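**Q** Right, I'll just put the structure down here and ask away after.
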Amino acid sequence: MAEQEIAKHTKKVVRLMGKSEHGWRHKLGEMGLEIVTIVFAVSLSIWLHSLGEHRHEQQQVRAFLLGLRHDIGSDLDMIKELNQAHHVYDANFVYLGKFDPRATPDPQTFDTAYQRADSNYFFNPLVSRYQGFKSSGKLGHIENEALLDKILDLYERNTAAIKSSENGWRNNQDIYRAYIENGLTGEDNLAERYRLITAPKGKRLLRKQITFPQLYERYNDYATLGAEIIKEIEREYPEAAQEKK
């Protein structure tokens, strides 16, 4: 519509320049009016386009944040499971470390604990939505700067911190696994396993596998910040609070 008005008034200016029946003062006045009209129409067109573009950007932001809310909710469930799993692992390492090398263990009880010592569970957050929005350059469209800062902290700082602590735990488990694998001198049976577990080195490696307090702290930091982000998103979009998470 604005483009049509611009074209119409531009043609008028051209026609006015070609008219000879009016004096130059009259022509100048009419041309000035038409030019003002053209400038207004151009400005209106730009404003309407900008308004439409902004509305579209904010629709994308809304869809992203509401989706992110669900992603973070799933991650918080995983963090809770990880905390519980590591406490179970820790108790198992302590249990194995207390075995007396001169004692005879209950085969089933020992084997269950021995197998559990080889288990692991690592944080695998849902990041594809965040990475996609980030790579498309759209994170800057989030107008709530405090919320944006928290999102960046969660995905760029907190996630990396957890991975760093988990890698330390993984390294200790790899050393333990190598010790078991290389230490077997005969059949992989109860007697051999018990010998390795109750040896001084075995006990030391079991103690090293007990979860670092730092990892628990970083899980908690992620959970705390993630919960804050969910609340902030729900404040931005109150209707989302009524939806099932």
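Ligands are numbered from 1 in the order shown, residues from 1 within each chain, and chains are lettered A, B, ... in the order they appear in the structure tokens.
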Using only C-alpha atoms, which protein or nucleic acid residues come within 9 Å of range 52-62 of chain A? Drop anything in the same chain fewer than 5 positions from it, and give the result as a list in words.
**A** Trp47, Gly67, Lys138, Leu139, His141, Ile142, Glu143, Glu236 and Tyr237 of chain A
**Q** Dump N, CA and C atoms for the selected residues as a short mmCIF file (atom, residue, chain, number, x, y, z; two decimals), in the first residue's frame?
**A**
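After the write, selection_34.cif holds the following:
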```
data_model
loop_
_atom_site.label_atom_id
_atom_site.label_comp_id
_atom_site.auth_asym_id
_atom_site.auth_seq_id
_atom_site.Cartn_x
_atom_site.Cartn_y
_atom_site.Cartn_z
N TRP A 47 8.76 1.91 8.70
CA TRP A 47 8.30 1.64 10.07
C TRP A 47 7.44 0.37 10.12
N GLY A 67 10.38 -23.64 24.23
CA GLY A 67 11.02 -24.93 23.98
C GLY A 67 12.20 -25.16 24.92
N LYS A 138 20.40 -15.52 16.46
CA LYS A 138 19.13 -14.99 16.95
C LYS A 138 19.10 -14.77 18.46
N LEU A 139 20.13 -15.17 19.18
CA LEU A 139 20.12 -14.97 20.62
C LEU A 139 19.98 -13.49 20.98
N HIS A 141 18.10 -11.42 19.74
CA HIS A 141 16.72 -10.97 19.65
C HIS A 141 15.99 -11.09 20.99
N ILE A 142 16.60 -11.77 21.95
CA ILE A 142 16.00 -11.87 23.29
C ILE A 142 16.17 -10.52 23.98
N GLU A 143 15.08 -9.84 24.23
CA GLU A 143 15.14 -8.47 24.75
C GLU A 143 15.38 -8.42 26.25
N GLU A 236 7.88 -14.14 31.69
CA GLU A 236 7.78 -13.49 30.37
C GLU A 236 6.50 -13.93 29.66
N TYR A 237 6.15 -15.19 29.80
CA TYR A 237 4.97 -15.75 29.12
C TYR A 237 4.10 -16.46 30.16
#
```
**Q** Please provide the set of residues having any atom within 12 Å of range 181-184 of chain A, restricted to only C-alpha atoms, with same-chain residues fewer than 2 positions apart removed, written as a ChimeraX atom specification.
**A** /A:118,174-179,186-197,199,201-202
**Q** Per residue of range 114-195 of chain A within 8 Å of range 75-89 of chain A, what are the shortest atom pair and its distance in Å to one decimal, counting only C-alpha atoms, with rows by chain and residue number, as CSV?
**A**
```
residue,atom,partner,partner_atom,distance
A:Arg116,CA,A:Tyr89,CA,7.3
A:Ala117,CA,A:Tyr89,CA,6.9
A:Tyr121,CA,A:Leu82,CA,6.8
A:Phe122,CA,A:Leu82,CA,7.3
A:Phe123,CA,A:Ile79,CA,7.2
A:Asn124,CA,A:Asp75,CA,8.0
A:Pro125,CA,A:Asp75,CA,5.6
A:Leu126,CA,A:Asp75,CA,6.8
```
**Q** I'd like to know which of A:Glu239, A:Asp100, A:Asp90, A:Asp149 is closest to Tyr216 in chain A, using only C-alpha atoms.
**A**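 Among the listed residues, the smallest separation from Tyr216 in chain A belongs to A:Asp90.
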**Q** Write down as a PyMOL selection string the residues belonging to range 46-216 of chain A that are assigned alpha helix (DSSP H) by DSSP computed on the backbone.
**A** chain A and resi 46-97+107-116+128-135+145-152+159-183+190-198+200-208+213-216
**Q** Those residues with C-alpha atoms, as a short mmCIF file (atom, residue, chain, number, x, y, z; two decimals), in the first residue's frame please?
**A**
```cif
data_model
loop_
_atom_site.label_atom_id
_atom_site.label_comp_id
_atom_site.auth_asym_id
_atom_site.auth_seq_id
_atom_site.Cartn_x
_atom_site.Cartn_y
_atom_site.Cartn_z
CA ILE A 46 10.02 1.46 6.67
CA TRP A 47 8.30 1.64 10.07
CA LEU A 48 5.66 -0.93 9.12
CA HIS A 49 8.32 -3.26 7.72
CA SER A 50 10.40 -2.88 10.87
CA LEU A 51 7.35 -3.49 13.04
CA GLY A 52 6.48 -6.66 11.14
CA GLU A 53 10.06 -7.89 11.29
CA HIS A 54 10.25 -7.24 15.04
CA ARG A 55 6.98 -9.07 15.60
CA HIS A 56 8.30 -12.06 13.65
CA GLU A 57 11.57 -12.04 15.62
CA GLN A 58 9.70 -12.01 18.92
CA GLN A 59 7.49 -14.88 17.79
CA GLN A 60 10.67 -16.86 17.14
CA VAL A 61 12.05 -15.84 20.54
CA ARG A 62 8.84 -16.98 22.24
CA ALA A 63 8.93 -20.38 20.51
CA PHE A 64 12.61 -20.77 21.39
CA LEU A 65 12.23 -19.85 25.06
CA LEU A 66 9.19 -22.04 25.61
CA GLY A 67 11.02 -24.93 23.98
CA LEU A 68 14.11 -24.18 26.05
CA ARG A 69 11.97 -24.30 29.17
CA HIS A 70 11.10 -27.92 28.42
CA ASP A 71 14.75 -28.75 27.56
CA ILE A 72 16.00 -27.33 30.85
CA GLY A 73 13.23 -29.11 32.75
CA SER A 74 14.42 -32.42 31.29
CA ASP A 75 18.02 -31.54 32.15
CA LEU A 76 17.04 -30.82 35.76
CA ASP A 77 15.43 -34.26 35.98
CA MET A 78 18.70 -35.74 34.71
CA ILE A 79 20.72 -33.74 37.25
CA LYS A 80 18.54 -35.16 40.03
CA GLU A 81 19.12 -38.69 38.74
CA LEU A 82 22.87 -38.06 38.46
CA ASN A 83 23.07 -36.89 42.07
CA GLN A 84 21.26 -40.00 43.23
CA ALA A 85 23.37 -42.29 41.04
CA HIS A 86 26.67 -40.84 42.26
CA HIS A 87 25.64 -41.24 45.89
CA VAL A 88 24.94 -44.90 45.14
CA TYR A 89 28.33 -45.24 43.41
CA ASP A 90 30.08 -43.55 46.33
CA ALA A 91 28.49 -45.87 48.88
CA ASN A 92 29.51 -48.83 46.73
CA PHE A 93 33.16 -47.70 46.53
CA VAL A 94 33.24 -47.27 50.31
CA TYR A 95 31.67 -50.72 50.72
CA LEU A 96 34.23 -52.41 48.44
CA GLY A 97 37.08 -50.58 50.11
CA PRO A 107 29.98 -64.39 46.16
CA GLN A 108 26.68 -62.83 45.06
CA THR A 109 26.96 -59.73 47.25
CA PHE A 110 30.57 -59.11 46.24
CA ASP A 111 29.91 -59.67 42.54
CA THR A 112 27.01 -57.19 42.56
CA ALA A 113 29.20 -54.52 44.15
CA TYR A 114 32.12 -55.34 41.85
CA GLN A 115 29.97 -54.96 38.72
CA ARG A 116 28.52 -51.68 39.99
CA SER A 128 20.51 -28.73 20.03
CA ARG A 129 17.78 -26.07 20.35
CA TYR A 130 20.15 -23.65 22.07
CA GLN A 131 22.99 -24.30 19.62
CA GLY A 132 20.67 -23.87 16.62
CA PHE A 133 19.33 -20.53 17.85
CA LYS A 134 22.84 -19.41 18.71
CA SER A 135 24.36 -20.40 15.36
CA GLU A 145 19.05 -9.09 28.89
CA ALA A 146 19.06 -10.58 32.40
CA LEU A 147 17.40 -13.73 31.07
CA LEU A 148 19.83 -13.90 28.14
CA ASP A 149 22.80 -13.61 30.50
CA LYS A 150 21.49 -16.52 32.58
CA ILE A 151 20.95 -18.67 29.49
CA LEU A 152 24.48 -17.96 28.27
CA THR A 159 27.76 -27.06 31.29
CA ALA A 160 31.50 -26.76 30.62
CA ALA A 161 32.21 -26.80 34.37
CA ILE A 162 30.25 -30.04 34.81
CA LYS A 163 32.04 -31.66 31.86
CA SER A 164 35.39 -30.70 33.35
CA SER A 165 34.57 -32.31 36.71
CA GLU A 166 33.07 -35.37 35.06
CA ASN A 167 36.20 -35.81 32.95
CA GLY A 168 38.25 -35.95 36.15
CA TRP A 169 35.96 -38.66 37.53
CA ARG A 170 36.05 -40.51 34.20
CA ASN A 171 39.85 -40.45 34.23
CA ASN A 172 39.93 -42.08 37.67
CA GLN A 173 37.51 -44.76 36.51
CA ASP A 174 39.66 -45.45 33.44
CA ILE A 175 42.72 -45.91 35.68
CA TYR A 176 40.74 -48.31 37.87
CA ARG A 177 39.54 -50.28 34.84
CA ALA A 178 43.08 -50.54 33.46
CA TYR A 179 44.29 -51.76 36.86
CA ILE A 180 41.66 -54.51 36.92
CA GLU A 181 42.27 -55.52 33.31
CA ASN A 182 46.06 -55.59 33.58
CA GLY A 183 46.13 -57.08 37.07
CA LEU A 190 35.87 -64.34 42.29
CA ALA A 191 39.28 -65.01 43.83
CA GLU A 192 41.13 -62.84 41.29
CA ARG A 193 38.64 -60.00 41.55
CA TYR A 194 38.75 -60.09 45.33
CA ARG A 195 42.54 -60.08 45.35
CA LEU A 196 42.68 -56.98 43.15
CA ILE A 197 39.96 -55.11 45.05
CA THR A 198 41.50 -55.75 48.48
CA PRO A 200 46.44 -51.62 48.66
CA LYS A 201 46.39 -50.20 45.12
CA GLY A 202 42.86 -51.45 44.56
CA LYS A 203 41.66 -49.80 47.76
CA ARG A 204 43.41 -46.55 46.79
CA LEU A 205 41.82 -46.51 43.33
CA LEU A 206 38.38 -47.19 44.83
CA ARG A 207 38.78 -44.19 47.15
CA LYS A 208 39.78 -42.01 44.20
CA PRO A 213 32.50 -32.57 46.12
CA GLN A 214 33.11 -30.11 43.29
CA LEU A 215 31.00 -32.21 40.92
CA TYR A 216 28.08 -32.25 43.33
#
```
